[in-house]
Every structure is written in C-alpha cells, then in structure tokens.
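Novice: Dropping in input.txt, which is compact mmCIF, C-alpha atoms:
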# COMPACT_ATOMS: atom_id res chain seq x y z
CA MET A 1484 -1.96 16.65 7.78
CA ASN A 1485 -4.39 14.49 9.71
CA CYS A 1486 -5.86 12.19 7.07
CA ILE A 1487 -9.13 10.54 8.02
CA HIS A 1488 -7.86 7.12 6.86
CA CYS A 1489 -4.35 7.32 8.36
CA GLY A 1490 -3.54 3.91 9.82
CA SER A 1491 -0.58 5.13 11.86
CA ARG A 1492 -2.37 8.23 13.21
CA ALA A 1493 0.63 10.19 11.95
CA GLY A 1494 1.17 13.80 12.94
CA HIS A 1495 3.76 13.67 15.70
CA LYS A 1496 7.22 12.17 15.56
CA ARG A 1497 7.61 8.95 17.55
CA GLU A 1498 10.01 9.15 20.44
CA ASN A 1499 13.37 7.48 19.90
CA GLU A 1500 13.20 7.03 16.13
CA LEU A 1501 16.04 5.15 14.46
CA SER A 1502 19.07 7.34 13.88
CA ASN A 1503 20.69 7.59 10.46
CA GLU A 1504 23.45 5.26 11.69
CA GLU A 1505 20.95 2.66 12.85
CA ALA A 1506 18.88 2.95 9.66
CA LEU A 1507 22.00 2.53 7.53
CA ARG A 1508 22.71 -0.73 9.35
CA VAL A 1509 19.17 -1.87 8.59
CA ALA A 1510 19.70 -0.97 4.93
CA ALA A 1511 22.85 -3.10 4.90
CA GLU A 1512 20.91 -6.01 6.41
CA LEU A 1513 18.22 -5.72 3.75
CA VAL A 1514 20.87 -5.85 1.06
CA ALA A 1515 22.49 -8.88 2.71
CA LEU A 1516 19.10 -10.63 2.72
CA SER A 1517 18.81 -10.06 -1.06
CA CYS A 1518 15.93 -7.62 -0.74
CA GLU A 1519 14.79 -6.49 -4.20
CA TYR A 1520 12.31 -3.65 -3.55
CA VAL A 1521 11.96 -1.05 -0.81
CA THR A 1522 9.31 1.64 -0.40
CA PHE A 1523 9.78 4.51 2.05
CA ILE A 1524 6.38 5.50 3.45
CA GLY A 1525 5.19 7.76 6.27
CA GLY A 1526 4.04 9.85 7.98
CA GLU A 1527 5.97 11.94 5.52
CA ILE A 1528 9.37 10.77 4.27
CA PHE A 1529 10.74 14.24 3.51
CA LEU A 1530 10.51 15.17 7.22
CA TYR A 1531 13.12 12.54 8.12
CA LYS A 1532 16.55 14.08 7.71
CA GLY A 1533 19.03 11.83 5.93
CA TRP A 1534 16.50 9.53 4.30
CA GLU A 1535 18.26 9.91 0.95
CA LYS A 1536 21.52 8.48 2.36
CA ILE A 1537 19.68 5.36 3.52
CA ALA A 1538 17.97 4.98 0.15
CA ARG A 1539 21.28 5.45 -1.67
CA LYS A 1540 22.86 2.73 0.46
CA MET A 1541 20.39 0.31 -1.12
CA THR A 1542 20.18 1.66 -4.66
CA ASP A 1543 23.98 1.43 -4.86
CA SER A 1544 23.47 -2.30 -4.27
CA ARG A 1545 20.85 -2.53 -7.04
CA VAL A 1546 17.81 -2.52 -4.77
CA THR A 1547 14.86 -0.76 -6.43
CA VAL A 1548 13.70 2.02 -4.10
CA ASN A 1549 10.83 4.48 -4.27
CA VAL A 1550 9.04 6.80 -1.85
CA ILE A 1551 5.41 7.62 -1.15
CA THR A 1552 4.78 11.25 -0.25
CA ASN A 1553 1.80 13.54 0.27
CA GLY A 1554 3.50 15.96 -2.15
CA PHE A 1555 2.99 18.96 0.12
CA LEU A 1556 6.66 19.72 0.61
CA PHE A 1557 8.66 19.46 -2.60
CA GLY A 1558 11.19 22.04 -3.69
CA ASP A 1559 14.84 22.31 -4.68
CA LYS A 1560 16.03 20.44 -1.60
CA GLN A 1561 13.74 17.49 -2.23
CA VAL A 1562 14.67 17.34 -5.92
CA GLU A 1563 18.32 17.15 -4.92
CA GLU A 1564 17.59 14.40 -2.39
CA VAL A 1565 15.54 12.35 -4.87
CA ARG A 1566 18.29 12.55 -7.48
CA TYR A 1567 20.94 11.57 -4.94
CA ALA A 1568 18.85 8.61 -3.74
CA ASN A 1569 18.51 7.34 -7.34
CA LEU A 1570 14.86 6.41 -6.88
CA SER A 1571 12.78 4.44 -9.37
CA ASN A 1572 9.92 6.90 -8.93
CA VAL A 1573 8.21 9.29 -6.55
CA ALA A 1574 4.69 8.11 -5.69
CA LEU A 1575 2.16 10.74 -4.65
CA SER A 1576 -0.81 10.04 -2.40
CA ILE A 1577 -3.87 11.44 -4.17
CA ASP A 1578 -7.25 10.45 -2.77
CA GLY A 1579 -9.65 11.83 -5.35
CA MET A 1580 -10.29 15.09 -7.11
CA GLU A 1581 -9.81 18.38 -5.25
CA GLU A 1582 -12.86 18.42 -2.98
CA ASN A 1583 -12.55 14.82 -1.83
CA HIS A 1584 -8.76 14.87 -1.61
CA ASN A 1585 -8.69 17.98 0.58
CA ARG A 1586 -11.50 16.67 2.80
CA ILE A 1587 -9.78 13.31 3.32
CA ARG A 1588 -6.42 14.99 3.94
CA ASN A 1589 -7.91 17.60 6.27
CA ASN A 1590 -6.01 20.32 4.43
CA SER A 1591 -7.66 22.79 2.06
CA ASN A 1592 -4.40 23.42 0.19
CA SER A 1593 -3.31 19.80 -0.27
CA PHE A 1594 -4.57 19.22 -3.83
CA HIS A 1595 -3.07 22.49 -5.06
CA ARG A 1596 0.30 21.62 -3.56
CA VAL A 1597 0.33 18.10 -4.97
CA ARG A 1598 -0.41 19.53 -8.44
CA GLN A 1599 2.59 21.83 -8.04
CA THR A 1600 4.71 18.82 -7.07
CA MET A 1601 3.56 16.93 -10.17
CA ASP A 1602 4.56 19.91 -12.31
CA ARG A 1603 7.99 19.99 -10.69
CA LEU A 1604 8.53 16.25 -11.02
CA ASN A 1605 7.63 16.40 -14.70
CA LYS A 1606 9.92 19.38 -15.22
CA GLU A 1607 12.76 17.42 -13.62
CA HIS A 1608 11.89 14.25 -15.63
CA ILE A 1609 11.40 12.26 -12.43
CA PRO A 1610 8.94 9.35 -12.95
CA ILE A 1611 5.65 9.78 -11.10
CA GLY A 1612 3.46 7.16 -9.49
CA VAL A 1613 0.22 7.69 -7.58
CA ASN A 1614 -1.39 5.81 -4.70
CA THR A 1615 -5.10 6.26 -4.07
CA THR A 1616 -6.83 5.03 -0.93
CA LEU A 1617 -10.53 4.36 -1.45
CA LEU A 1618 -13.52 5.00 0.76
CA GLU A 1619 -17.20 4.90 -0.14
CA SER A 1620 -17.08 8.69 -0.52
CA ASN A 1621 -14.28 9.01 -3.09
CA VAL A 1622 -14.70 5.91 -5.29
CA HIS A 1623 -16.87 7.90 -7.71
CA ASP A 1624 -13.94 10.19 -8.52
CA LEU A 1625 -12.01 7.43 -10.28
CA GLU A 1626 -12.86 8.27 -13.91
CA LYS A 1627 -12.05 11.96 -13.51
CA LEU A 1628 -8.94 11.14 -11.50
CA TYR A 1629 -7.76 8.70 -14.18
CA ASP A 1630 -7.99 11.44 -16.83
CA PHE A 1631 -6.26 13.89 -14.50
CA LEU A 1632 -3.37 11.51 -13.88
CA LEU A 1633 -2.95 10.73 -17.58
CA GLY A 1634 -2.79 14.45 -18.28
CA ASN A 1635 0.00 14.81 -15.75
CA ASN A 1636 2.23 12.04 -17.13
CA VAL A 1637 1.61 9.60 -14.28
CA ARG A 1638 3.11 6.23 -15.19
CA THR A 1639 1.82 3.95 -12.43
CA TRP A 1640 -1.31 4.04 -10.28
CA GLN A 1641 -2.05 1.80 -7.33
CA LEU A 1642 -5.58 1.61 -5.94
CA GLN A 1643 -6.06 0.30 -2.42
CA LEU A 1644 -8.91 0.13 0.07
CA ALA A 1645 -8.83 1.99 3.35
CA ASN A 1646 -8.82 -0.37 6.32
CA PRO A 1647 -10.68 0.64 9.50
CA MET A 1648 -7.56 1.18 11.59
CA GLY A 1649 -5.92 4.22 13.12
CA ASN A 1650 -7.96 7.36 12.45
CA LEU A 1651 -10.61 5.28 10.67
CA SER A 1652 -10.98 2.62 13.37
CA SER A 1653 -14.32 3.92 14.63
CA SER A 1654 -15.76 4.84 11.22
CA MET A 1655 -16.90 1.60 9.62
CA GLU A 1656 -19.67 3.48 7.83
CA GLN A 1657 -17.04 5.06 5.58
CA MET A 1658 -15.78 1.73 4.27
CA ILE A 1659 -16.35 0.94 0.60
CA SER A 1660 -19.30 -1.34 -0.19
CA ILE A 1661 -18.99 -4.77 -1.79
CA GLU A 1662 -20.97 -3.51 -4.78
CA ASN A 1663 -18.47 -0.71 -5.34
CA ILE A 1664 -15.54 -3.10 -4.94
CA LYS A 1665 -16.92 -5.11 -7.84
CA LYS A 1666 -17.24 -1.92 -9.89
CA LEU A 1667 -13.69 -1.06 -8.87
CA THR A 1668 -12.23 -4.33 -10.17
CA ALA A 1669 -14.09 -3.80 -13.46
CA PHE A 1670 -12.64 -0.29 -13.64
CA ILE A 1671 -9.10 -1.56 -13.06
CA ARG A 1672 -9.53 -4.25 -15.71
CA GLU A 1673 -10.82 -1.69 -18.20
CA LYS A 1674 -7.96 0.76 -17.61
CA ARG A 1675 -5.33 -1.94 -17.82
CA ASP A 1676 -6.79 -3.00 -21.17
CA GLU A 1677 -6.42 0.58 -22.41
CA ALA A 1678 -2.66 0.28 -21.70
CA LYS A 1679 -2.19 4.02 -21.23
CA MET A 1680 -0.95 3.65 -17.67
CA ARG A 1681 0.09 0.81 -15.38
CA VAL A 1682 -2.86 0.38 -13.00
CA TYR A 1683 -2.48 -1.97 -10.05
CA THR A 1684 -4.61 -3.29 -7.22
CA GLY A 1685 -3.56 -3.13 -3.62
CA ASP A 1686 -3.43 -6.44 -1.80
CA ASN A 1687 -6.76 -5.80 -0.08
CA ILE A 1688 -8.77 -5.74 -3.33
CA GLY A 1689 -10.31 -8.87 -4.83
CA TYR A 1690 -10.43 -11.88 -4.63
CA TYR A 1691 -11.31 -14.45 -7.30
CA GLY A 1692 -14.25 -12.52 -8.70
CA GLU A 1693 -14.81 -12.33 -12.44
CA ASN A 1694 -12.03 -9.75 -12.89
CA GLU A 1695 -9.40 -11.43 -10.72
CA LYS A 1696 -7.07 -12.58 -13.48
CA TYR A 1697 -7.01 -9.12 -15.08
CA ILE A 1698 -6.14 -6.84 -12.15
CA ARG A 1699 -2.80 -7.98 -10.72
CA GLY A 1700 0.85 -8.06 -11.64
CA LEU A 1701 2.31 -6.75 -14.85
CA PRO A 1702 -0.19 -5.73 -17.55
CA GLY A 1703 -0.41 -8.34 -20.29
CA ASN A 1704 0.15 -11.24 -17.90
CA ILE A 1705 -2.44 -13.39 -16.15
CA ASN A 1706 -1.85 -13.18 -12.41
CA TYR A 1707 -3.91 -14.65 -9.58
CA TRP A 1708 -3.93 -13.77 -5.91
CA SER A 1709 -1.94 -16.43 -4.07
CA GLY A 1710 -2.32 -15.31 -0.49
CA CYS A 1711 -1.04 -12.55 1.78
CA GLN A 1712 2.75 -12.22 1.54
CA ALA A 1713 3.32 -10.50 4.91
CA GLY A 1714 6.22 -12.32 6.57
CA LEU A 1715 6.73 -14.52 3.49
CA SER A 1716 8.22 -12.22 0.87
CA VAL A 1717 7.43 -8.88 2.53
CA VAL A 1718 8.59 -7.24 5.75
CA GLY A 1719 7.63 -3.94 7.36
CA ILE A 1720 10.02 -1.83 9.45
CA ASP A 1721 8.71 1.14 11.40
CA SER A 1722 10.57 4.26 12.48
CA ILE A 1723 11.55 2.89 15.90
CA GLY A 1724 12.72 -0.48 14.56
CA ASN A 1725 9.67 -2.66 15.16
CA ILE A 1726 9.30 -5.49 12.65
CA LYS A 1727 5.97 -6.59 11.21
CA GLY A 1728 5.04 -8.68 8.21
CA CYS A 1729 3.74 -5.58 6.46
CA GLU A 1730 3.45 -1.90 7.33
CA SER A 1731 -0.32 -2.03 6.74
CA LEU A 1732 -0.61 -4.05 9.96
CA TYR A 1733 -0.93 -1.10 12.33
CA ASP A 1734 -1.44 -2.97 15.58
CA ASP A 1735 1.10 -4.07 18.17
CA ILE A 1736 -0.22 -7.63 17.94
CA PHE A 1737 1.73 -7.93 14.67
CA ILE A 1738 5.13 -6.90 16.09
CA GLU A 1739 7.61 -9.78 15.78
CA GLY A 1740 10.66 -8.09 17.30
CA ASN A 1741 12.70 -4.92 17.42
CA LEU A 1742 15.96 -4.13 15.61
CA ARG A 1743 17.53 -2.65 18.73
CA LYS A 1744 17.25 -6.06 20.41
CA GLU A 1745 17.76 -8.46 17.49
CA THR A 1746 19.09 -8.31 13.97
CA LEU A 1747 16.70 -8.37 11.04
CA SER A 1748 18.01 -11.83 10.10
CA GLU A 1749 17.31 -13.18 13.58
CA ILE A 1750 13.75 -11.91 13.46
CA TRP A 1751 13.15 -13.00 9.85
CA PHE A 1752 14.48 -16.52 10.32
CA ASN A 1753 12.76 -17.16 13.65
CA GLU A 1754 10.44 -20.03 12.77
CA ASN A 1755 7.83 -18.86 15.28
CA ASN A 1756 7.43 -15.39 13.76
CA PHE A 1757 4.78 -14.38 11.20
CA SER A 1758 2.88 -17.54 12.11
CA TYR A 1759 -0.43 -16.19 10.74
CA ASN A 1760 1.01 -16.74 7.25
CA ARG A 1761 3.93 -19.10 7.69
CA LYS A 1762 1.83 -21.64 9.57
CA PHE A 1763 -1.41 -21.09 7.71
CA ASP A 1764 -3.85 -23.98 7.70
CA PRO A 1765 -7.19 -23.92 5.84
CA ALA A 1766 -8.79 -25.11 9.09
CA LEU A 1767 -8.16 -21.60 10.45
CA LEU A 1768 -10.58 -20.02 7.98
CA GLU A 1769 -13.79 -18.58 9.41
CA GLY A 1770 -17.11 -17.20 8.18
CA LYS A 1771 -17.75 -17.28 4.44
CA CYS A 1772 -14.05 -18.03 3.86
CA LYS A 1773 -14.37 -21.36 5.69
CA GLU A 1774 -16.72 -22.85 3.11
CA CYS A 1775 -15.16 -21.16 0.07
CA ASP A 1776 -13.71 -23.48 -2.58
CA MET A 1777 -10.89 -20.96 -3.18
CA GLY A 1778 -9.99 -20.60 0.49
CA ILE A 1779 -6.95 -22.86 0.26
CA PHE A 1780 -5.47 -20.55 -2.40
CA CYS A 1781 -6.77 -17.16 -1.28
CA ARG A 1782 -6.06 -17.72 2.43
CA ALA A 1783 -8.69 -15.07 3.26
CA GLY A 1784 -6.90 -12.34 1.35
CA CYS A 1785 -5.11 -9.43 2.99
CA ARG A 1786 -4.34 -10.17 6.63
CA GLY A 1787 -4.78 -6.53 7.64
CA ALA A 1788 -8.16 -6.30 5.91
CA CYS A 1789 -9.28 -9.37 7.85
CA TYR A 1790 -8.04 -8.25 11.24
CA PHE A 1791 -9.26 -4.66 11.17
CA THR A 1792 -12.74 -5.51 9.91
CA LYS A 1793 -13.38 -8.86 11.64
CA GLN A 1794 -10.83 -8.80 14.50
CA TYR A 1795 -9.71 -12.18 13.23
CA PHE A 1796 -6.92 -13.12 10.83
CA PHE A 1797 -8.81 -15.48 8.55
CA GLU A 1798 -12.14 -14.00 7.48
CA ASN A 1799 -12.36 -11.33 4.77
CA ALA A 1800 -15.07 -8.70 4.55
CA TYR A 1801 -14.11 -7.35 1.11
CA CYS A 1802 -14.31 -10.44 -1.08
CA THR A 1803 -16.60 -10.42 -4.15
CA TYR A 1804 -16.24 -14.10 -4.99
CA GLU A 1805 -19.32 -15.31 -3.10
CA MET A 1806 -21.50 -12.69 -4.79
CA ASP A 1807 -20.23 -13.79 -8.22
CA SER A 1808 -21.02 -17.40 -7.38
CA ILE A 1809 -24.58 -16.52 -6.36
CA GLN A 1810 -25.13 -14.52 -9.52
CA ASP A 1811 -23.71 -17.33 -11.65
CA SER A 1812 -26.04 -19.90 -10.08
CA ARG A 1813 -29.07 -17.67 -10.67
CA SER A 1814 -28.14 -17.12 -14.30
CA LYS A 1815 -28.07 -20.87 -14.86
If you convert what's in this file into structure tokens, what do you get?

Specialist:
Amino acid sequence: MNCIHCGSRAGHKRENELSNEEALRVAAELVALSCEYVTFIGGEIFLYKGWEKIARKMTDSRVTVNVITNGFLFGDKQVEEVRYANLSNVALSIDGMEENHNRIRNNSNSFHRVRQTMDRLNKEHIPIGVNTTLLESNVHDLEKLYDFLLGNNVRTWQLQLANPMGNLSSSMEQMISIENIKKLTAFIREKRDEAKMRVYTGDNIGYYGENEKYIRGLPGNINYWSGCQAGLSVVGIDSIGNIKGCESLYDDIFIEGNLRKETLSEIWFNENNFSYNRKFDPALLEGKCKECDMGIFCRAGCRGACYFTKQYFFENAYCTYEMDSIQDSRSK
C-alpha cells in the first residue's frame, strides 16, 4: 500500500534492518527495563519474518503485546503466529467506510480484505481492536464506521489525527479542521458513555476543551491530559534500531541514538536525551500556548503534532481550548 497519511513513507524495506537475533536482544532489554506494553507497528508487521518470536520473548515475561496491521495479509500462517505470540489483540487500521478507506490506502481491495480478516479473527476468537487515522475527508464516516465495528465484534477503537509528515507533509489542506476536532471529542464522549466499545483518543486529540475529562484513559474514570509522554514513559524503536521518544516522531531530529552503538539503557538513561520533554519549561511555549492558563499542564500537547504543523516543539495547532474559552466569555 501507499497510504496518503503514511508518516514513514512505507513501501520498501529499509536497508540493514535489525535481525531476529538483534531484535531479541532489544526485547530482553525492554523486559529488563520493566516495560509493560509493546505495540508492533509498520509498515506491515506480518512482512517481518520472525516477529512472533520477538513478541513471545516479551509476553513470556508478562509484557502486554499487540500488533497493528493493515489486515491485507491474514491467513493460516498469521493465525498461527498470532497464537504463538500470545498477543492481547490484533488491531486493524481502518480509515473510514469502503470508499474513503480504499482511497486513503491507495488500494481498491483494501476494505474487502480487512473485512475478511475481521471475519477470520472472530472465527478464531482473537480479540480485535481498530485504529482510525482522521483527515478532513473521512471524519464524516465516524457514525457509520462505529456501527460497522460494533457489528464485527470490535472491542477497542482508537481515533487519532493524521499529522502532516511523510506522505502527507505537503498536503496541509487535508488536515482536519478545529471545528471538526471539537465534534470529534463530542463523538468520543458520546460513544464512551454508551459503553458498547472502548473508544480512545490518540495523544494528538484535545486538549482541555469541554470534553477533555471524558475522552481519555479507561472508561468510567476521569482522566486529564498531562503532557506528551515521549521519552518519559514511552520509547519508539524503528526497524534499524534508531531510538526516538515515540514512533509518531518521523523525523531524524528526534533520533536519540542507535541500538547498534549503545544499549537501550544507555540511551534511555542519558540525561541529555529526550530534552524536549524531560527538560520542559513553560517559558518554551509559543503562540497561543504561551498565554494559555493550561500550558503548564498541557505542555502544548503532542510533540509530533506541534513539530509537523508548526515546525516547533511547543505550539499546538489542534487545540480546542481557546475556542471554548472564547465561546464561554461570549455566553456570559
């Protein structure tokens, strides 16, 4: 596939990817660092031979592991691998109903194949999750997509915004509008209240608008955004061993080291790494974030969303909080 929002511009294998032996060593390091959750993303995970052995290395040590897949390639072999890996779920990337999904994925057969994969996962009693990446052009599919996912026994659904990076870097006009982000948070709140499915926000949705306390964390709990966790409680590892705070930070400026030169522990515990979050100071905030009374808590939201829209780490283009404040003042 060649998805229009693909941050990594996937499609061709990187040269010199980590071998199974190297990746198994990384898995052991994650376990040693008391890692609790790991997600295998892509490209496409099922094209990497031996992925299930690496996942099993961690699940045997009680790490919760899942994968995100486009669902195009899923047959007997993949079922066997998923069972061996002992995954918590298989998450499918579905970016709208058939027309929008196929257009975004640049593959006219993608939606049909992902439906077949859902049928197979349900037949095998393998828990299904779904990730949906939102643009201005597919946000209106959400109600129909919600019903479709419920009808296919989807248990968890994460909604995230596309960032203008990779294939989307020169297409700012496709980014979701602030008005639709506000509608999106209301939609998430409504669906969480229905309690038919676990619906989650991605870290680049929010922040501190009227729906903030209803859209994060476990349903039934009140959870507030407390700042980007890249390099604090999250780490991203790419297929050639580069370390970033998060794998949504698709730019070399975010690389903190490489696992062929240093251990994961050496990179993680280097006090000079991940400075954009570890050494955050409210004085770094810019634009509307600089004057915001929630800036000290929000820290400008998702670091990737800031960088790829503003080319700066500490100003967020997707926040609805200022708009809420203006509306509140007018109503008074």

Novice: Find the residues near Glu1695 in chain A: any atom within 10 Å, counting only C-alpha atoms, skip ones fewer than 3 places away on the same chain, and give them as a VMD selection string.

Specialist: chain A and resid 1668 to 1669 1672 1688 to 1692 1698 to 1699 1705 to 1708 1803 to 1804

Novice: Would you be able to write out as a count of residues only which residues have an atom within 10 Å of (10.9, -12.9, 9.7) in the file's coordinates, counting only C-alpha atoms?

Specialist: 25

Novice: Rank A:Val1573, A:Val1521, A:Leu1644, A:Ala1568 by their smallest atom-to-atom distance to Thr1792 in chain A, using all atoms listed in the file, and report the top residue only.

Specialist: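 Between A:Val1573, A:Val1521, A:Leu1644, A:Ala1568, the residue approaching Thr1792 in chain A most closely is A:Leu1644.
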
Novice: Can you tell me, as a PyMOL selection string, what residues are no more than 6 Å from range 1641-1643 of chain A when counting all atoms listed in the file, ignoring any on the same chain fewer than 5 positions away?

Specialist: chain A and resi 1614-1616+1682-1685

Novice: For Glu1505 in chain A, which of A:Phe1631, A:Phe1523, A:Trp1534, A:Phe1555 is the closest residue, counting all atoms listed in the file?

Specialist: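 So, comparing all the options, the nearest one is A:Trp1534.
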
Novice: Hey, can you pull every residue with an atom no more than 10 Å from (-9.8, 15.8, 5.2), using only C-alpha atoms, and send it as number ranges by chain?

Specialist: A: 1484-1488, 1578, 1582-1591, 1593

Novice: For the atom pair CA of Ser1709 in chain A and CA of Leu1570 in chain A, what is the interatomic distance in Å to one decimal place?

Specialist: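 Taking CA of Ser1709 in chain A as the start and CA of Leu1570 in chain A as the end point, the length is 28.5 Å.
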
Novice: What does the distance between CA of Ala1574 in chain A and CA of Asn1646 in chain A come to in Å, to one decimal place?

Specialist: 20.0 Å

Novice: Might you pull out every residue within 7 Å of Ser1544 in chain A, with all atoms listed in the file counted and same-chain residues fewer than 3 positions away left off, and present them as JSON, numbers by chain?

Specialist: {"A": [1514, 1540, 1541]}

Novice: Taking only C-alpha atoms into account, name the residue in A:Ile1671, A:Ile1661, A:Leu1618, A:Ala1678 that is nearest to Ala1800 in chain A.

Specialist: A:Ile1661

Novice: Take CA of Lys1665 in chain A and CA of Glu1581 in chain A and report the distance between them in Å, one decimal.

Specialist: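 Taking CA of Lys1665 in chain A as the start and CA of Glu1581 in chain A as the end point, the length is 24.7 Å.
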
Novice: Ranking A:Ile1664, A:Glu1619, A:Gln1657, A:Asn1572 by minimum distance to Glu1693 in chain A and counting all atoms listed in the file, which one comes first?

Specialist: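 The closest residue to Glu1693 in chain A is A:Ile1664.
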
Novice: Calculated over all atoms listed in the file, which of the candidates A:Val1637, A:Ala1493, A:Val1509, A:Cys1802 has the smallest distance to Glu1662 in chain A?

Specialist: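 Closest residue, counting all atoms listed in the file: A:Cys1802.
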
Novice: Identify which of the residues A:Ala1783, A:Leu1575, A:Glu1798, A:Thr1542 lies closest to Glu1769 in chain A, counting all atoms listed in the file when measuring atom-to-atom distances.

Specialist: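 Selected residue with least distance to Glu1769 in chain A: A:Glu1798.
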